[in-house]
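**Student:** Just passing along the structure, written as structure tokens.
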Number of protein chains: 2
Amino acid sequence: MEDFLESGQPSKYLYDLIRDYPRRAGKGIRPALLLASCQAHGGSLREALGPAVALEMLHNAFLIHDDLEDASPRRRGAATLHEVHGVALAVNAGDALAALALQPLMESSLLGSRVSRRLIEEFLLMIRQTTEGQALELGWRRDNVVDLGPADYLRLVVKKTCWYTTVAPLRLGAIVGSRDTAALDALSRFGLYLGIAFQIRDDLLSMLGSCERHGKEALGDIREGKRTLMLIHLLATAAGRDRVEVVDYLASAESERTLVDGLRVLELMEAYGSLAFAREYADGMMVAACEAFDDAFAGARGAAATEFIRELIPYVITRTL
Amino acid sequence: MEDFLESGQPSKYLYDLIRDYPRRAGKGIRPALLLASCQAHGGSLREALGPAVALEMLHNAFLIHDDLEDASPRRRGAATLHEVHGVALAVNAGDALAALALQPLMESSLLGSRVSRRLIEEFLLMIRQTTEGQALELGWRRDNVVDLGPADYLRLVVKKTCWYTTVAPLRLGAIVGSRDTAALDALSRFGLYLGIAFQIRDDLLSMLGSCERHGKEALGDIREGKRTLMLIHLLATAAGRDRVEVVDYLASAESERTLVDGLRVLELMEAYGSLAFAREYADGMMVAACEAFDDAFAGARGAAATEFIRELIPYVITRTL
């Protein structure tokens with residue numbers, strides 16, 4: 001990734017910005033999953049490296065735009081890009097990085113033109129799914145949509161998170177490793193369950209994690225009014241004055257929501273069992289992911305890579321970062 | 001283009017937004033140039049249609065992000081997308097449209113995979129050039145950079161405008177029409193001169209055109225502090241109090257610049273001959289474009305298409321839209 005980011009002008013207004021998030025510490029779960037899926041389908045690390053780099057670059061491009069769409073102040077333990085450089089340069093840097101992200105797919109001489117083309121198609125499908133999910137989330141918040149249930153949450157998360165976090169990495173790795181001969185349906189199903197569990201854990205971490213550990217602001221999702229599973233559960237179960245309080249909170253301007261207001265919403269989530277509900281929901285997803293894993297990787301090669309992917313299942317719902 | 005934009009969910013938060021700018025009346029100069037260049041290189045309209053649609057979609061994606069980066073209130077005679085839907089949904093819609101724009105390149109069965117791959121490479125190069133130019137312009141405005149000369153303007157315009165308005169359309173059409181056998185250097189040179197003339201005319205129209213005719217706000221570029229050729233000339237030639245006045249104007253917050261302040265800058269441009277300078281500069285570019293045209297299209301096929309491209313040279317510096 002460093003190779004693809006190292007040069008270019010103007011550095012002060014573009015390339016320094018593009019290099020910023022990728023150089024902050026991240027989990028790297030998406031490229032890790034892609035590389036392991038390639039090996040589990042008989043491929044080598046080397047031939048999956050280009051697509052893995054492309055995916056991580058695209059992820060960082062998404063983060064730049066997500067952060068300004070959410071008006072988030074912090075990312076990976078430091079100020080967000082739009083806070084440092086302003087919205088205009090941050091939007092432009094995200095655009096540039098998203099296009100640069102496709103470059104490793106074009107340059108990989110290890111992949112034939114047919115596989116290379118399939119990978120680009122997958123990337124475009126993934127971007128489409130992600131922007132559709134992002135539109136739903138932003139629209140629900142802008143219009144303060146509160147009549148939502150867990151099914152709406154699933155619809156949102158499948159598009160917003162699963163596609164580019166789990167489904168696409170697994171599929172891309174399989175396409176490379178199998179030279180586009182692998183069946184992708186069972187793999188996609190596994191990716192969906194894994195991605196939903198990942199996102200619910202993300203929601204919980206945003207509630208519970210401290211600023212230090214998560215690298216974001218305290219109670220970030222609550223203060224941004226994000227339609228997390230806990231919030232959707234709370235809206236569906238809280239009654240009378242409690243529900244009115246939550247709806248009013250969500251209708252207020254984000255800049256006016258205090259930490260105390262946010263803690264009150266968290267208190268209600270605890271009181272109505274919304275946090276426990278989310279934890280149980282994630283556990284259910286883990287069970288489903290285990291079954292789908294067995295189905296998807298029945299004929300897998302590369303024992304170590306396959307085992308790595310299996311171990312991601314408990315990891316995604318116990319992780320603290 | 002309508003075919004590629006007609007479906008998709010959520011419509012209210014995404015696809016309605018994506019379809020908005022493409023359905024407002026535009027010149028269509030980029031796809032027109034691409035189609036004509038394809039024919040002038042021995043190709044057919046049909047085989048160039050996919051790339052032409054892709055280019056126009058990408059142009060509309062750029063416009064969405066440009067408008068919010070510039071905080072422009074109007075585009076093509078109506079409110080800009082971020083004014084109607086907010087910055088968050090507009091950023092996301094631009095992202096989605098930029099990815100959708102590559103779809104016609106993938107689906108065109110008329111082009112072989114080798115040509116298709118070359119086209120994607122050209123698109124990525126074009127996006128890279130455009131975002132580099134955009135970064136320069138936004139950075140110069142943010143930091144109120146005022147020690148600029150015509151050479152800086154050329155550097156900016158080649159990246160910001162020429163690549164995706166003239167150079168890439170000409171090259172893309174030639175690649176399709178000649179099945180990637182055409183020499184692109186003379187064509188690129190012609191595109192550069194044509195694009196510079198186009199941008200200078202754009203600068204002049206923003207000064208002189210009314211809101212009704214140009215579809216943008218009155219004195220838009222002056223009020224946005226855009227580094228137009230006239231502004232750069234004014235900064236380089238105005239002396240004493242006049243120059244201080246301009247620099248102070250540019251240092252003020254954009255929201256505080258009144259129409260009267262803007263008219264004063266325009267008055268100074270008139271007094272210092274900046275408008276006449278820009279007109280003469282554009283005339284010089286036209287002469288250079290004519291010579292480069294003869295060089296680039298010496299062996300052209302498709303007489304009508306070639307003539308159409310030649311007639312664009314006087315058009316770009318006399319157009320009123």
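Numbering starts fresh at 1 for the residues of each chain in the structure tokens, the chains themselves are lettered A, B, ... in the order given, and ligands are numbered from 1 as they appear.
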Give me the residues near stretch 113-125 of chain B as a list in words, where near means some atom within 9 Å (using only C-alpha atoms) and where sequence neighbours in that chain fewer than 3 positions away do not count.
**Tutor:** Ala99, Leu100, Leu102, Gln103, Met106, Ser113, Arg114 and Arg117 of chain A; Pro51, Leu55, Leu102, Leu105, Met106, Ser108, Ser109, Arg128, Gln129, Thr130, Trp163, Tyr164, Ala168, Arg171, Leu172, Ile175, Val176, Arg179 and Asp180 of chain B
**Student:** Taking only C-alpha atoms into account and nothing else, which residues of chain A lie no more than 7 Å away from chain B? Please answer as a PDB file with C-alpha atoms, in the first residue's frame.
**Tutor:**
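Okay, this is what ended up in iface_4.pdb:
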ATOM      1  CA  GLN A   9       1.807  16.254  -6.351  1.00  0.00           C
ATOM      2  CA  PRO A  10       0.434  18.383  -4.782  1.00  0.00           C
ATOM      3  CA  TYR A  13      -3.191  19.543  -0.545  1.00  0.00           C
ATOM      4  CA  LEU A  14      -3.687  15.954  -1.701  1.00  0.00           C
ATOM      5  CA  GLU A  69     -20.816  12.647   6.467  1.00  0.00           C
ATOM      6  CA  ALA A  88     -13.533  20.552   0.623  1.00  0.00           C
ATOM      7  CA  LEU A  89     -10.020  19.075   0.595  1.00  0.00           C
ATOM      8  CA  ASN A  92     -11.449  15.617  -2.863  1.00  0.00           C
ATOM      9  CA  ALA A  96      -8.657  10.628  -5.351  1.00  0.00           C
ATOM     10  CA  ALA A  99      -9.732   6.019  -7.816  1.00  0.00           C
ATOM     11  CA  LEU A 124     -17.968  -1.722  -8.468  1.00  0.00           C
ATOM     12  CA  ILE A 127     -19.086   0.307  -3.882  1.00  0.00           C
ATOM     13  CA  ARG A 128     -22.668   0.345  -5.096  1.00  0.00           C
ATOM     14  CA  THR A 131     -23.180   3.735  -0.977  1.00  0.00           C
ATOM     15  CA  GLU A 132     -26.760   2.392  -0.967  1.00  0.00           C
ATOM     16  CA  ALA A 135     -27.603   6.557   1.874  1.00  0.00           C
ATOM     17  CA  LEU A 136     -30.141   4.639   3.994  1.00  0.00           C
ATOM     18  CA  LEU A 138     -27.796   9.094   6.447  1.00  0.00           C
ATOM     19  CA  GLY A 139     -31.358   9.489   5.183  1.00  0.00           C
TER      20      GLY A 139
END
**Student:** Expressed in Å to a single decimal, how great is the separation between atom CA of A:Val260 and atom CA of A:Thr80?
**Tutor:**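 Spanning atom CA of A:Val260 to atom CA of A:Thr80 is a straight-line distance of 23.6 Å.
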**Student:** If we count only C-alpha atoms, what is near A:Phe277 at a cut-off of 12 Å, once residues fewer than 2 positions away on the same chain are taken out, given as an MDAnalysis selection string?
**Tutor:** chainID A and resid 150 200 204 228:234 236:237 269:275 279:284
**Student:** Store the residues of this selection in a file with N, CA and C atoms, as a PDB file, in the first residue's frame.
**Tutor:**
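Heads up, here's the output in out_4.pdb:
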ATOM      1  N   PRO A 150     -35.623  -4.642  13.747  1.00  0.00           N
ATOM      2  CA  PRO A 150     -34.389  -5.377  13.434  1.00  0.00           C
ATOM      3  C   PRO A 150     -34.234  -5.736  11.959  1.00  0.00           C
ATOM      4  N   ILE A 200     -22.586  -5.318  14.796  1.00  0.00           N
ATOM      5  CA  ILE A 200     -23.231  -5.207  16.115  1.00  0.00           C
ATOM      6  C   ILE A 200     -22.159  -4.972  17.180  1.00  0.00           C
ATOM      7  N   LEU A 204     -21.779  -1.870  19.759  1.00  0.00           N
ATOM      8  CA  LEU A 204     -21.584  -2.010  21.210  1.00  0.00           C
ATOM      9  C   LEU A 204     -20.313  -1.302  21.662  1.00  0.00           C
ATOM     10  N   THR A 228     -28.248   2.293  15.359  1.00  0.00           N
ATOM     11  CA  THR A 228     -27.638   1.044  15.809  1.00  0.00           C
ATOM     12  C   THR A 228     -28.727   0.054  16.193  1.00  0.00           C
ATOM     13  N   LEU A 229     -28.338  -1.222  16.353  1.00  0.00           N
ATOM     14  CA  LEU A 229     -29.326  -2.228  16.744  1.00  0.00           C
ATOM     15  C   LEU A 229     -29.923  -1.891  18.114  1.00  0.00           C
ATOM     16  N   MET A 230     -29.086  -1.360  19.009  1.00  0.00           N
ATOM     17  CA  MET A 230     -29.579  -1.000  20.345  1.00  0.00           C
ATOM     18  C   MET A 230     -30.589   0.137  20.271  1.00  0.00           C
ATOM     19  N   LEU A 231     -30.311   1.117  19.437  1.00  0.00           N
ATOM     20  CA  LEU A 231     -31.236   2.251  19.318  1.00  0.00           C
ATOM     21  C   LEU A 231     -32.554   1.799  18.705  1.00  0.00           C
ATOM     22  N   ILE A 232     -32.443   0.963  17.674  1.00  0.00           N
ATOM     23  CA  ILE A 232     -33.663   0.462  17.030  1.00  0.00           C
ATOM     24  C   ILE A 232     -34.476  -0.375  18.020  1.00  0.00           C
ATOM     25  N   HIS A 233     -33.795  -1.204  18.827  1.00  0.00           N
ATOM     26  CA  HIS A 233     -34.495  -1.982  19.858  1.00  0.00           C
ATOM     27  C   HIS A 233     -35.153  -1.060  20.881  1.00  0.00           C
ATOM     28  N   LEU A 234     -34.444  -0.038  21.284  1.00  0.00           N
ATOM     29  CA  LEU A 234     -34.978   0.906  22.272  1.00  0.00           C
ATOM     30  C   LEU A 234     -36.216   1.609  21.724  1.00  0.00           C
ATOM     31  N   ALA A 236     -38.219   0.516  19.565  1.00  0.00           N
ATOM     32  CA  ALA A 236     -39.306  -0.445  19.376  1.00  0.00           C
ATOM     33  C   ALA A 236     -39.902  -0.904  20.700  1.00  0.00           C
ATOM     34  N   THR A 237     -39.168  -0.745  21.819  1.00  0.00           N
ATOM     35  CA  THR A 237     -39.659  -1.298  23.091  1.00  0.00           C
ATOM     36  C   THR A 237     -39.966  -0.229  24.138  1.00  0.00           C
ATOM     37  N   MET A 269     -31.186   2.401  27.254  1.00  0.00           N
ATOM     38  CA  MET A 269     -30.843   1.166  26.540  1.00  0.00           C
ATOM     39  C   MET A 269     -30.586   0.035  27.532  1.00  0.00           C
ATOM     40  N   GLU A 270     -29.908   0.370  28.613  1.00  0.00           N
ATOM     41  CA  GLU A 270     -29.642  -0.633  29.647  1.00  0.00           C
ATOM     42  C   GLU A 270     -30.953  -1.072  30.280  1.00  0.00           C
ATOM     43  N   ALA A 271     -31.795  -0.098  30.647  1.00  0.00           N
ATOM     44  CA  ALA A 271     -33.055  -0.378  31.338  1.00  0.00           C
ATOM     45  C   ALA A 271     -33.999  -1.224  30.488  1.00  0.00           C
ATOM     46  N   TYR A 272     -34.045  -0.968  29.178  1.00  0.00           N
ATOM     47  CA  TYR A 272     -34.967  -1.707  28.303  1.00  0.00           C
ATOM     48  C   TYR A 272     -34.337  -2.976  27.723  1.00  0.00           C
ATOM     49  N   GLY A 273     -33.141  -3.304  28.148  1.00  0.00           N
ATOM     50  CA  GLY A 273     -32.504  -4.538  27.681  1.00  0.00           C
ATOM     51  C   GLY A 273     -31.985  -4.457  26.255  1.00  0.00           C
ATOM     52  N   SER A 274     -31.776  -3.260  25.756  1.00  0.00           N
ATOM     53  CA  SER A 274     -31.342  -3.120  24.362  1.00  0.00           C
ATOM     54  C   SER A 274     -29.911  -3.598  24.166  1.00  0.00           C
ATOM     55  N   LEU A 275     -29.068  -3.400  25.173  1.00  0.00           N
ATOM     56  CA  LEU A 275     -27.681  -3.845  25.059  1.00  0.00           C
ATOM     57  C   LEU A 275     -27.612  -5.368  25.103  1.00  0.00           C
ATOM     58  N   ARG A 279     -26.330  -8.041  22.221  1.00  0.00           N
ATOM     59  CA  ARG A 279     -25.338  -9.091  22.479  1.00  0.00           C
ATOM     60  C   ARG A 279     -25.873 -10.456  22.076  1.00  0.00           C
ATOM     61  N   GLU A 280     -27.132 -10.718  22.425  1.00  0.00           N
ATOM     62  CA  GLU A 280     -27.742 -12.006  22.065  1.00  0.00           C
ATOM     63  C   GLU A 280     -27.888 -12.147  20.555  1.00  0.00           C
ATOM     64  N   TYR A 281     -28.246 -11.051  19.915  1.00  0.00           N
ATOM     65  CA  TYR A 281     -28.394 -11.053  18.463  1.00  0.00           C
ATOM     66  C   TYR A 281     -27.054 -11.394  17.804  1.00  0.00           C
ATOM     67  N   ALA A 282     -25.995 -10.814  18.329  1.00  0.00           N
ATOM     68  CA  ALA A 282     -24.655 -11.093  17.792  1.00  0.00           C
ATOM     69  C   ALA A 282     -24.283 -12.555  18.017  1.00  0.00           C
ATOM     70  N   ASP A 283     -24.655 -13.085  19.185  1.00  0.00           N
ATOM     71  CA  ASP A 283     -24.397 -14.503  19.457  1.00  0.00           C
ATOM     72  C   ASP A 283     -25.117 -15.391  18.441  1.00  0.00           C
ATOM     73  N   GLY A 284     -26.348 -15.040  18.139  1.00  0.00           N
ATOM     74  CA  GLY A 284     -27.114 -15.801  17.148  1.00  0.00           C
ATOM     75  C   GLY A 284     -26.448 -15.757  15.785  1.00  0.00           C
TER      76      GLY A 284
END
**Student:** Which residue is closest to B:Val167? Choose from B:Met1, B:Ala48, B:Leu34, B:Arg76 and count only C-alpha atoms.
**Tutor:**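 Checking each candidate against B:Val167, we get B:Leu34 as the closest.
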**Student:** For B:Ser37, which residue among B:Ser7, B:Thr318, B:Ser252, B:Ser178 is the nearest when counting only C-alpha atoms?
**Tutor:**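 The shortest atom-to-atom distance to B:Ser37 comes from B:Ser178.
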**Student:** List the neighbours of B:Leu219 out to 12 Å using only C-alpha atoms; skip same-chain residues closer than 6 positions along the sequence, and give me the result as number ranges by chain.
**Tutor:** B: 72, 202-211, 225-226, 228, 257-267
**Student:** Using only N, CA and C atoms, please write the residues we just selected to a file, as an mmCIF file, in the first residue's frame.
**Tutor:**
data_model
loop_
_atom_site.group_PDB
_atom_site.id
_atom_site.type_symbol
_atom_site.label_atom_id
_atom_site.label_comp_id
_atom_site.auth_asym_id
_atom_site.auth_seq_id
_atom_site.Cartn_x
_atom_site.Cartn_y
_atom_site.Cartn_z
ATOM 1 N N SER B 72 -21.111 26.208 -3.807
ATOM 2 C CA SER B 72 -21.902 26.893 -4.835
ATOM 3 C C SER B 72 -23.390 26.671 -4.587
ATOM 4 N N ASP B 202 -14.856 29.926 -19.618
ATOM 5 C CA ASP B 202 -15.672 29.630 -18.437
ATOM 6 C C ASP B 202 -15.454 30.694 -17.369
ATOM 7 N N ASP B 203 -14.197 31.058 -17.163
ATOM 8 C CA ASP B 203 -13.860 32.109 -16.199
ATOM 9 C C ASP B 203 -14.555 33.418 -16.594
ATOM 10 N N LEU B 204 -14.455 33.766 -17.888
ATOM 11 C CA LEU B 204 -15.051 35.025 -18.360
ATOM 12 C C LEU B 204 -16.572 34.993 -18.217
ATOM 13 N N LEU B 205 -17.185 33.843 -18.549
ATOM 14 C CA LEU B 205 -18.643 33.742 -18.446
ATOM 15 C C LEU B 205 -19.098 33.917 -16.998
ATOM 16 N N SER B 206 -18.308 33.398 -16.062
ATOM 17 C CA SER B 206 -18.685 33.525 -14.663
ATOM 18 C C SER B 206 -18.622 34.987 -14.208
ATOM 19 N N MET B 207 -17.770 35.778 -14.873
ATOM 20 C CA MET B 207 -17.694 37.205 -14.549
ATOM 21 C C MET B 207 -18.856 37.967 -15.173
ATOM 22 N N LEU B 208 -19.130 37.629 -16.420
ATOM 23 C CA LEU B 208 -19.993 38.483 -17.232
ATOM 24 C C LEU B 208 -21.404 37.933 -17.386
ATOM 25 N N GLY B 209 -21.535 36.614 -17.374
ATOM 26 C CA GLY B 209 -22.838 36.019 -17.633
ATOM 27 C C GLY B 209 -23.811 36.302 -16.502
ATOM 28 N N SER B 210 -25.058 36.429 -16.824
ATOM 29 C CA SER B 210 -26.077 36.603 -15.794
ATOM 30 C C SER B 210 -26.428 35.242 -15.216
ATOM 31 N N CYS B 211 -27.069 35.267 -14.097
ATOM 32 C CA CYS B 211 -27.519 34.044 -13.437
ATOM 33 C C CYS B 211 -28.410 33.217 -14.362
ATOM 34 N N GLY B 225 -13.713 33.252 -4.730
ATOM 35 C CA GLY B 225 -12.262 33.454 -4.654
ATOM 36 C C GLY B 225 -11.484 32.533 -5.573
ATOM 37 N N LYS B 226 -12.132 32.051 -6.636
ATOM 38 C CA LYS B 226 -11.452 31.125 -7.552
ATOM 39 C C LYS B 226 -10.271 31.791 -8.231
ATOM 40 N N THR B 228 -8.996 32.405 -11.040
ATOM 41 C CA THR B 228 -9.196 32.516 -12.485
ATOM 42 C C THR B 228 -8.006 33.240 -13.104
ATOM 43 N N ARG B 257 -18.506 38.144 1.876
ATOM 44 C CA ARG B 257 -18.251 38.914 0.666
ATOM 45 C C ARG B 257 -19.581 39.335 0.038
ATOM 46 N N THR B 258 -19.788 40.616 -0.100
ATOM 47 C CA THR B 258 -21.049 41.102 -0.671
ATOM 48 C C THR B 258 -20.940 41.208 -2.188
ATOM 49 N N LEU B 259 -22.107 41.392 -2.827
ATOM 50 C CA LEU B 259 -22.138 41.591 -4.266
ATOM 51 C C LEU B 259 -21.373 42.867 -4.634
ATOM 52 N N VAL B 260 -21.494 43.869 -3.783
ATOM 53 C CA VAL B 260 -20.790 45.141 -4.025
ATOM 54 C C VAL B 260 -19.272 44.931 -4.002
ATOM 55 N N ASP B 261 -18.784 44.176 -3.010
ATOM 56 C CA ASP B 261 -17.353 43.851 -2.949
ATOM 57 C C ASP B 261 -16.914 43.151 -4.233
ATOM 58 N N GLY B 262 -17.738 42.210 -4.673
ATOM 59 C CA GLY B 262 -17.416 41.451 -5.878
ATOM 60 C C GLY B 262 -17.359 42.350 -7.099
ATOM 61 N N LEU B 263 -18.311 43.277 -7.188
ATOM 62 C CA LEU B 263 -18.335 44.206 -8.324
ATOM 63 C C LEU B 263 -17.096 45.098 -8.318
ATOM 64 N N ARG B 264 -16.612 45.425 -7.136
ATOM 65 C CA ARG B 264 -15.394 46.244 -7.019
ATOM 66 C C ARG B 264 -14.187 45.474 -7.588
ATOM 67 N N VAL B 265 -14.106 44.185 -7.280
ATOM 68 C CA VAL B 265 -13.011 43.374 -7.838
ATOM 69 C C VAL B 265 -13.127 43.320 -9.364
ATOM 70 N N LEU B 266 -14.360 43.159 -9.842
ATOM 71 C CA LEU B 266 -14.582 43.125 -11.295
ATOM 72 C C LEU B 266 -14.146 44.447 -11.942
ATOM 73 N N GLU B 267 -14.466 45.548 -11.262
ATOM 74 C CA GLU B 267 -14.083 46.886 -11.716
ATOM 75 C C GLU B 267 -12.555 46.994 -11.829
#
**Student:** Identify all residues of stretch 150-242 of chain A in helix (DSSP H, G or I) (DSSP on the backbone) and supply them as a count of residues only.
**Tutor:** 73
**Student:** In Å, with one decimal, what is the gap from atom CA of A:Met286 to atom CA of A:Val246?
**Tutor:**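 Between atom CA of A:Met286 and atom CA of A:Val246 the gap works out to 29.8 Å.
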**Student:** Report the distance between atom CA of B:Ala288 and atom CA of B:Phe190 in Å, rounded to one decimal place.
**Tutor:**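 A separation of 7.9 Å between them.
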**Student:** As a ChimeraX atom specification, please: every residue in stretch 26-203 of chain B that DSSP puts in strand (DSSP E or B).
**Tutor:** /B:74-75,78-79
**Student:** Residues at most 8 Å from A:Asp20, counting only C-alpha atoms, excluding those fewer than 4 positions away in the same chain, as a VMD selection string?
**Tutor:** chain A and resid 16 24 81
